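Printed here is protein03.txt (compact mmCIF, C-alpha atoms):
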```txt
# COMPACT_ATOMS: atom_id res chain seq x y z
CA MET N 1078 0.00 0.00 0.00
CA LYS N 1079 1.30 3.43 -0.93
CA LYS N 1080 1.46 6.04 1.81
CA ALA N 1081 1.71 9.80 1.54
CA TYR N 1082 4.00 11.41 4.10
CA PHE N 1083 4.03 14.88 2.59
CA SER N 1084 1.47 16.96 0.73
CA LYS N 1085 1.63 20.21 -1.15
CA ARG N 1086 -1.20 22.72 -1.08
CA ILE N 1087 -2.37 23.85 -4.47
CA TYR N 1088 -4.03 27.27 -4.74
CA LYS N 1089 -6.78 28.01 -7.23
CA ASN N 1090 -5.07 31.13 -8.55
CA THR N 1091 -2.07 29.03 -9.63
CA LEU N 1092 -4.17 26.67 -11.77
CA PRO N 1093 -5.41 27.26 -15.30
CA LYS N 1094 -9.02 28.49 -15.46
CA VAL N 1095 -10.19 25.32 -17.22
CA TYR N 1096 -9.11 23.22 -14.21
CA VAL N 1097 -10.70 25.59 -11.70
CA ASP N 1098 -13.98 25.52 -13.64
CA ALA N 1099 -13.87 21.72 -13.81
CA ILE N 1100 -13.27 21.39 -10.05
CA SER N 1101 -16.03 23.91 -9.26
CA HIS N 1102 -18.46 22.08 -11.54
CA SER N 1103 -17.60 18.72 -9.93
CA LEU N 1104 -18.12 20.11 -6.40
CA LEU N 1105 -21.39 21.78 -7.36
CA LEU N 1106 -22.72 18.64 -9.04
CA PHE N 1107 -21.61 16.42 -6.16
CA ASN N 1108 -23.29 18.60 -3.53
CA ARG N 1109 -26.49 18.91 -5.55
CA ALA N 1110 -26.60 15.13 -5.89
CA LYS N 1111 -26.02 14.71 -2.15
CA HIS N 1112 -28.83 17.17 -1.36
CA PHE N 1113 -31.13 15.30 -3.74
CA ALA N 1114 -30.25 11.89 -2.25
CA PHE N 1115 -30.84 13.16 1.29
CA GLN N 1116 -34.08 15.02 0.57
CA THR N 1117 -35.42 12.03 -1.40
CA GLN N 1118 -35.01 9.80 1.66
CA VAL N 1119 -36.54 12.46 3.94
CA ALA N 1120 -39.57 12.79 1.65
CA GLU N 1121 -40.00 9.01 1.60
CA LYS N 1122 -39.80 8.79 5.40
CA ARG N 1123 -42.42 11.53 5.76
CA SER N 1124 -44.87 10.04 3.26
CA GLY N 1125 -44.15 6.41 4.09
CA LYS N 1126 -43.89 5.46 0.42
CA SER N 1127 -41.38 5.64 -2.43
CA LYS N 1128 -42.12 7.16 -5.85
CA ARG N 1129 -39.03 5.69 -7.55
CA ASP N 1130 -38.85 2.30 -9.16
CA LYS N 1131 -35.05 2.04 -8.97
CA SER N 1132 -32.51 1.99 -6.15
CA LEU N 1133 -31.28 5.32 -4.79
CA HIS N 1134 -27.89 4.65 -6.34
CA LEU N 1135 -29.32 4.24 -9.85
CA THR N 1136 -31.75 7.14 -9.37
CA VAL N 1137 -28.91 9.54 -8.48
CA LYS N 1138 -26.64 8.14 -11.19
CA ASN N 1139 -29.22 8.60 -13.95
CA ARG N 1140 -30.41 12.01 -12.78
CA PHE N 1141 -26.99 13.62 -12.49
CA GLU N 1142 -25.16 11.49 -15.08
CA MET N 1143 -22.39 10.50 -12.68
CA ASN N 1144 -20.17 7.45 -12.70
CA ASP N 1145 -20.44 4.73 -10.03
CA TYR N 1146 -17.53 6.10 -7.99
CA TYR N 1147 -19.09 9.53 -7.45
CA THR N 1148 -22.60 8.11 -7.11
CA ASN N 1149 -21.48 5.70 -4.40
CA SER N 1150 -19.82 8.54 -2.47
CA VAL N 1151 -22.97 10.67 -2.78
CA VAL N 1152 -25.27 7.92 -1.47
CA GLN N 1153 -22.89 7.03 1.38
CA GLU N 1154 -22.68 10.65 2.55
CA ALA N 1155 -26.47 11.04 2.34
CA ASN N 1156 -26.98 7.81 4.32
CA ALA N 1157 -24.44 8.93 6.92
CA LEU N 1158 -26.32 12.20 7.32
CA ILE N 1159 -29.63 10.35 7.69
CA LYS N 1160 -28.08 8.11 10.36
CA SER N 1161 -26.56 11.04 12.25
CA GLN N 1162 -29.94 12.83 12.22
CA SER N 1163 -31.56 9.68 13.60
CA GLU N 1164 -29.06 9.53 16.47
CA LEU N 1165 -29.46 13.25 17.10
CA LYS N 1166 -33.23 12.79 17.21
CA LYS N 1167 -32.84 10.13 19.92
CA MET N 1168 -30.69 12.52 21.95
CA TYR N 1169 -33.23 15.36 21.56
CA ILE N 1170 -36.07 13.05 22.64
CA SER N 1171 -34.12 11.94 25.71
CA THR N 1172 -33.37 15.58 26.61
CA LYS N 1173 -37.03 16.59 26.24
CA GLU N 1174 -38.16 13.68 28.41
CA GLU N 1175 -35.75 14.73 31.17
CA GLN N 1176 -36.94 18.35 30.90
CA ILE N 1177 -40.57 17.21 31.18
CA LYS N 1178 -39.74 15.17 34.30
CA SER N 1179 -38.00 18.17 35.85
CA VAL N 1180 -40.93 20.51 35.13
CA LYS N 1181 -43.41 17.98 36.53
CA ARG N 1182 -41.40 17.79 39.77
CA LYS N 1183 -41.41 21.59 40.01
CA ILE N 1184 -45.17 21.69 39.39
CA LYS N 1185 -45.75 19.11 42.12
CA SER N 1186 -43.63 20.99 44.68
CA THR N 1187 -45.20 24.35 43.73
CA LYS N 1188 -48.73 22.95 44.09
CA SER N 1189 -47.81 21.52 47.49
CA ARG N 1190 -46.47 24.92 48.56
CA VAL N 1191 -49.61 26.70 47.35
CA THR N 1192 -51.78 24.23 49.29
CA THR N 1193 -49.78 24.80 52.48
CA LEU N 1194 -49.95 28.59 52.28
CA THR N 1195 -53.63 28.54 51.30
CA LYS N 1196 -54.47 26.49 54.42
CA ILE N 1197 -52.59 29.00 56.56
CA LYS N 1198 -54.46 31.83 54.81
CA HIS N 1199 -57.84 30.20 55.54
CA SER N 1200 -56.90 29.79 59.19
CA PHE N 1201 -56.17 33.53 59.39
CA ILE N 1202 -59.52 34.32 57.76
CA LYS N 1203 -61.25 32.23 60.44
CA GLY N 1204 -59.31 34.16 63.10
CA LYS N 1205 -57.47 31.06 64.37
CA PRO N 1206 -53.96 31.06 62.82
CA SER N 1207 -52.52 27.56 62.49
CA PHE N 1208 -49.34 26.33 60.86
CA ASN N 1209 -47.96 23.09 59.51
CA LYS N 1210 -45.24 21.86 61.87
CA THR N 1211 -42.79 21.34 58.98
CA SER N 1212 -43.39 24.67 57.21
CA ARG N 1213 -40.96 27.57 57.49
CA GLU N 1214 -43.81 29.82 58.65
CA GLN N 1215 -44.50 29.64 62.39
CA GLN N 1216 -45.99 31.69 65.21
CA LYS N 1217 -43.70 32.43 68.13
CA GLY N 1218 -45.45 34.27 70.91
CA ASN N 1219 -47.14 37.32 69.47
CA PHE N 1220 -44.91 37.33 66.40
CA PHE N 1221 -45.04 35.48 63.09
CA VAL N 1222 -41.73 34.34 61.63
CA VAL N 1223 -40.53 32.92 58.33
CA GLU N 1224 -37.27 31.02 58.65
CA PHE N 1225 -34.89 30.80 55.69
CA LYS N 1226 -31.43 29.23 55.53
CA LYS N 1227 -29.54 32.46 56.15
CA LYS N 1228 -32.17 34.78 57.61
CA THR N 1229 -35.42 34.99 59.51
CA ASP N 1230 -38.22 37.43 58.67
CA ILE N 1231 -40.37 38.69 61.56
CA TYR N 1232 -43.93 40.01 61.22
CA TYR N 1233 -45.28 41.81 64.27
CA HIS N 1234 -49.01 41.17 63.85
CA ALA N 1235 -51.43 38.93 61.95
CA TYR N 1236 -52.53 41.58 59.44
CA GLN N 1237 -48.96 42.29 58.38
CA PHE N 1238 -48.15 38.58 58.00
CA GLU N 1239 -51.35 37.81 56.10
CA HIS N 1240 -51.25 40.66 53.58
CA HIS N 1241 -47.52 41.45 53.32
CA TYR N 1242 -46.37 37.85 53.15
CA LEU N 1243 -49.11 35.24 52.57
CA ASP N 1244 -51.01 37.07 49.82
CA ILE N 1245 -47.83 38.00 47.96
CA GLN N 1246 -46.38 34.49 48.20
CA ILE N 1247 -49.59 32.77 47.07
CA LYS N 1248 -49.93 35.10 44.09
CA ALA N 1249 -46.28 34.59 43.09
CA LEU N 1250 -46.57 30.81 43.39
CA LYS N 1251 -49.74 30.70 41.29
CA ASN N 1252 -48.03 32.79 38.62
CA ARG N 1253 -45.06 30.42 38.71
CA LEU N 1254 -47.41 27.45 38.44
CA GLY N 1255 -49.01 28.96 35.34
CA ARG N 1256 -45.59 29.46 33.70
CA LEU N 1257 -44.57 25.89 34.55
CA GLU N 1258 -47.78 24.43 33.11
CA TYR N 1259 -47.28 26.48 29.94
CA ARG N 1260 -43.69 25.20 29.68
CA LEU N 1261 -44.84 21.63 30.25
CA ASP N 1262 -47.42 21.92 27.48
CA ARG N 1263 -44.80 23.36 25.10
CA LEU N 1264 -42.28 20.62 25.92
CA GLN N 1265 -44.90 17.89 25.41
CA LYS N 1266 -45.80 19.33 22.00
CA GLN N 1267 -42.10 19.47 21.06
CA LEU N 1268 -41.64 15.87 22.18
CA LYS N 1269 -44.65 14.78 20.12
CA SER N 1270 -43.24 16.61 17.10
CA LEU N 1271 -39.84 14.96 17.54
CA ARG N 1272 -41.39 11.49 17.75
CA ASN N 1273 -43.82 11.85 14.85
CA ASN N 1274 -42.04 14.14 12.38
CA THR N 1275 -38.94 13.64 10.23
CA LYS N 1276 -36.73 16.70 10.35
CA SER N 1277 -34.77 17.94 7.37
CA VAL N 1278 -31.36 19.65 7.23
CA VAL N 1279 -30.41 23.13 6.04
CA PHE N 1280 -27.25 22.58 4.01
CA GLY N 1281 -24.72 25.38 4.42
CA GLY N 1282 -26.38 26.70 7.58
CA LYS N 1283 -29.55 28.66 8.36
CA LYS N 1284 -27.78 32.01 8.06
CA LEU N 1285 -26.76 31.37 4.46
CA PHE N 1286 -30.16 29.88 3.61
CA LYS N 1287 -31.99 32.97 4.90
CA GLY N 1288 -29.47 35.16 3.09
CA GLN N 1289 -31.05 34.41 -0.29
CA HIS N 1290 -34.09 36.42 0.84
CA THR N 1291 -32.54 38.96 3.25
CA LEU N 1292 -29.19 40.03 1.71
CA HIS N 1293 -29.42 42.51 -1.14
CA HIS N 1294 -26.65 41.02 -3.31
CA TYR N 1295 -28.23 37.55 -3.04
CA ARG N 1296 -31.85 38.63 -3.30
CA ASN N 1297 -31.20 40.18 -6.72
CA ASN N 1298 -28.88 37.44 -7.95
CA HIS N 1299 -30.01 33.91 -7.08
CA LYS N 1300 -27.26 32.35 -9.20
CA LEU N 1301 -24.64 34.05 -7.02
CA TRP N 1302 -26.30 32.65 -3.89
CA VAL N 1303 -26.33 29.13 -5.38
CA GLU N 1304 -22.62 29.37 -6.10
```
Just dump the structure as C-alpha cells.
Amino acid sequence: MKKAYFSKRIYKNTLPKVYVDAISHSLLLFNRAKHFAFQTQVAEKRSGKSKRDKSLHLTVKNRFEMNDYYTNSVVQEANALIKSQSELKKMYISTKEEQIKSVKRKIKSTKSRVTTLTKIKHSFIKGKPSFNKTSREQQKGNFFVVEFKKKTDIYYHAYQFEHHYLDIQIKALKNRLGRLEYRLDRLQKQLKSLRNNTKSVVFGGKKLFKGQHTLHHYRNNHKLWVE
C-alpha cells in the first residue's frame, strides 16, 4: 500500500481556469446530488412510500449522469447524514423527556407549597392562625416568623403577616405554576413533534439559507447565492 507522508497545497489562482472551472463544476454537481439523495429519503420517510422504481444509487446516477464512484460517495454521505440525524433525534427526545420530568417535579412541589400557604391563609380568615409543623412559617409568641437558611423574617401582627407575606407568596406561586404548566405543554408538543415528524437539514447553515431572501446582493442574484 502506498502512503503519503508529505502533501503540497495547491491554490486556485495558480491553476489554469479550465481546471478551476472543472473542479467547481464537480463540487457543485456532487453537492447537488447529495442534497437530492438526502431530501429524497426524507420525503420518503415523511410520506411512508417511495415514488421511484429504482434503487437510490441508480436514481442519483441517472439524474446527475455521474459514474459509479461519485454516485457511491454521494449515497454514502447522504446515508451517513440520515443516520446522524436519527441519532441526534434520539438525543433530543431523551433531553425533552428529562426536561418534562423536571418541570413535573417543580409543578408538584409548587402545588404543594400553594396548598400549604392557602391552608394558613384560611386559618387567618377564620381568626385562628394555624401552621404546619414542617413549614418555614410559624408563630412564636405574638410574632409570626418565616425562617430561611440564612435569615429569619419577623412580622409583628397577623394583618402584616397575612397581607404582606401570605397574599404575595400565594400570588407569586400561582403565577409560577401557570408558567410551569405552559412550559410543560410546550415541551410535550415538542416531544410529540420529535417522535412523529422527520426533520430535514439546512445545508450550508440557516444564516446562508436565509441570506437568499434577506441580503441585497443575493436577493437580486439567485445564481450568485447558489454558487
Using only C-alpha atoms, which residues of region 1131-1193 of chain N come within 12 Å of region 1081-1104 of chain N, and what is the closest atom pair for each, with the distance in Å to one decimal? Give it as JSON lines, sorted by chain and residue number.
```
{"residue": "N:Phe1141", "atom": "CA", "partner": "N:Ser1103", "partner_atom": "CA", "distance": 11.0}
{"residue": "N:Glu1142", "atom": "CA", "partner": "N:Ser1103", "partner_atom": "CA", "distance": 11.7}
{"residue": "N:Met1143", "atom": "CA", "partner": "N:Ser1103", "partner_atom": "CA", "distance": 9.9}
{"residue": "N:Asn1144", "atom": "CA", "partner": "N:Ser1103", "partner_atom": "CA", "distance": 11.9}
{"residue": "N:Tyr1147", "atom": "CA", "partner": "N:Ser1103", "partner_atom": "CA", "distance": 9.6}
{"residue": "N:Val1151", "atom": "CA", "partner": "N:Leu1104", "partner_atom": "CA", "distance": 11.2}
```
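Closest approach to Leu1135 (chain N) among N:Asn1149, N:Arg1123, N:Glu1175, N:Glu1214: N:Asn1149, based on only C-alpha atoms.
What separates CA of Leu1257 (chain N) from CA of Lys1181 (chain N) is a distance of 8.2 Å.
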Shell around Lys1251 (chain N) at 10 Å using all atoms listed in the file, local window under 4 positions removed, as an MDAnalysis selection string: chainID N and resid 1187:1188 1190:1191 1246:1247 1255:1257
The residues within 12 Å of (-47.9, 22.7, 60.0), using all atoms listed in the file and the coordinates of the file, should be reported as a list in words; which are they? Arg1190, Thr1192, Thr1193, Leu1194, Thr1195, Lys1196, Ile1197, Ser1200, Pro1206, Ser1207, Phe1208, Asn1209, Lys1210, Thr1211, Ser1212, Arg1213, Glu1214, Gln1215 and Gln1216 of chain N
Write the selection just made, keeping C-alpha atoms, as an mmCIF file, keeping the file's coordinate frame?
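Saved the output as part_12.cif:
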```cif
data_model
loop_
_atom_site.group_PDB
_atom_site.id
_atom_site.type_symbol
_atom_site.label_atom_id
_atom_site.label_comp_id
_atom_site.auth_asym_id
_atom_site.auth_seq_id
_atom_site.Cartn_x
_atom_site.Cartn_y
_atom_site.Cartn_z
ATOM 1 C CA ARG N 1190 -46.470 24.920 48.560
ATOM 2 C CA THR N 1192 -51.780 24.230 49.290
ATOM 3 C CA THR N 1193 -49.780 24.800 52.480
ATOM 4 C CA LEU N 1194 -49.950 28.590 52.280
ATOM 5 C CA THR N 1195 -53.630 28.540 51.300
ATOM 6 C CA LYS N 1196 -54.470 26.490 54.420
ATOM 7 C CA ILE N 1197 -52.590 29.000 56.560
ATOM 8 C CA SER N 1200 -56.900 29.790 59.190
ATOM 9 C CA PRO N 1206 -53.960 31.060 62.820
ATOM 10 C CA SER N 1207 -52.520 27.560 62.490
ATOM 11 C CA PHE N 1208 -49.340 26.330 60.860
ATOM 12 C CA ASN N 1209 -47.960 23.090 59.510
ATOM 13 C CA LYS N 1210 -45.240 21.860 61.870
ATOM 14 C CA THR N 1211 -42.790 21.340 58.980
ATOM 15 C CA SER N 1212 -43.390 24.670 57.210
ATOM 16 C CA ARG N 1213 -40.960 27.570 57.490
ATOM 17 C CA GLU N 1214 -43.810 29.820 58.650
ATOM 18 C CA GLN N 1215 -44.500 29.640 62.390
ATOM 19 C CA GLN N 1216 -45.990 31.690 65.210
#
```
Selection near Lys1128 (chain N), 12 Å with all atoms listed in the file, sequence-local residues under 6 positions removed, as JSON, numbers by chain: {"N": [1117, 1118, 1120, 1121, 1122, 1136]}
Using only C-alpha atoms, can you tell me which of N:Ile1231, N:Leu1250, N:Leu1165, N:Leu1158 comes closest to Ser1186 (chain N)? N:Leu1250
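You can rank N:Ile1177, N:Asp1145, N:Asn1156, N:Tyr1233 by their closest distance to Tyr1259 (chain N) using all atoms listed in the file, and at the top of that list sits N:Ile1177.
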Can you sort out the box for region 1218-1231 of chain N, edges along x, y and z, all listed atoms in, 4 Å on every side, with centre and edge lengths in Å to one decimal, as lines of an AutoDock Vina configuration file?
```
center_x = -38.3
center_y = 34.0
center_z = 63.2
size_x = 25.6
size_y = 17.5
size_z = 23.4
```
I'd like the interatomic distance between CA of Val1180 (chain N) and CA of Leu1264 (chain N), to a tenth of an Å. 9.3 Å
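As for CA of Arg1260 (chain N) and CA of Thr1172 (chain N), they are spaced 14.4 Å apart.
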Write out as a ChimeraX atom specification each polymer residue whose atoms come within 12 Å of Lys1167 (chain N), counting only C-alpha atoms; drop sequence neighbours fewer than 4 positions from it. /N:1160-1163,1171-1174,1268,1271-1272,1275
Convert the current residue selection to file output with C-alpha atoms, as a PDB file, in the coordinates of the input.
```pdb
ATOM      1  CA  LYS N1160     -28.080   8.110  10.360  1.00  0.00           C
ATOM      2  CA  SER N1161     -26.560  11.040  12.250  1.00  0.00           C
ATOM      3  CA  GLN N1162     -29.940  12.830  12.220  1.00  0.00           C
ATOM      4  CA  SER N1163     -31.560   9.680  13.600  1.00  0.00           C
ATOM      5  CA  SER N1171     -34.120  11.940  25.710  1.00  0.00           C
ATOM      6  CA  THR N1172     -33.370  15.580  26.610  1.00  0.00           C
ATOM      7  CA  LYS N1173     -37.030  16.590  26.240  1.00  0.00           C
ATOM      8  CA  GLU N1174     -38.160  13.680  28.410  1.00  0.00           C
ATOM      9  CA  LEU N1268     -41.640  15.870  22.180  1.00  0.00           C
ATOM     10  CA  LEU N1271     -39.840  14.960  17.540  1.00  0.00           C
ATOM     11  CA  ARG N1272     -41.390  11.490  17.750  1.00  0.00           C
ATOM     12  CA  THR N1275     -38.940  13.640  10.230  1.00  0.00           C
TER      13      THR N1275
END
```
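Proximity of N:Leu1261, N:Ala1249, N:Val1303, N:Leu1243 to His1199 (chain N), computed with all atoms listed in the file, is greatest for N:Leu1243.
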Best match for closeness to His1240 (chain N) among N:Phe1201, N:Gln1265, N:Phe1280, N:Leu1301, counting all atoms listed in the file: N:Phe1201
Would you kindly return, as a PyMOL selection string, each protein, DNA or RNA residue with an atom no farther than 9 Å from any atom of Val1152 (chain N), considering only C-alpha atoms and excluding same-chain residues fewer than 4 positions away? chain N and resi 1110-1111+1114-1115+1133-1134+1137+1147-1148+1156-1157
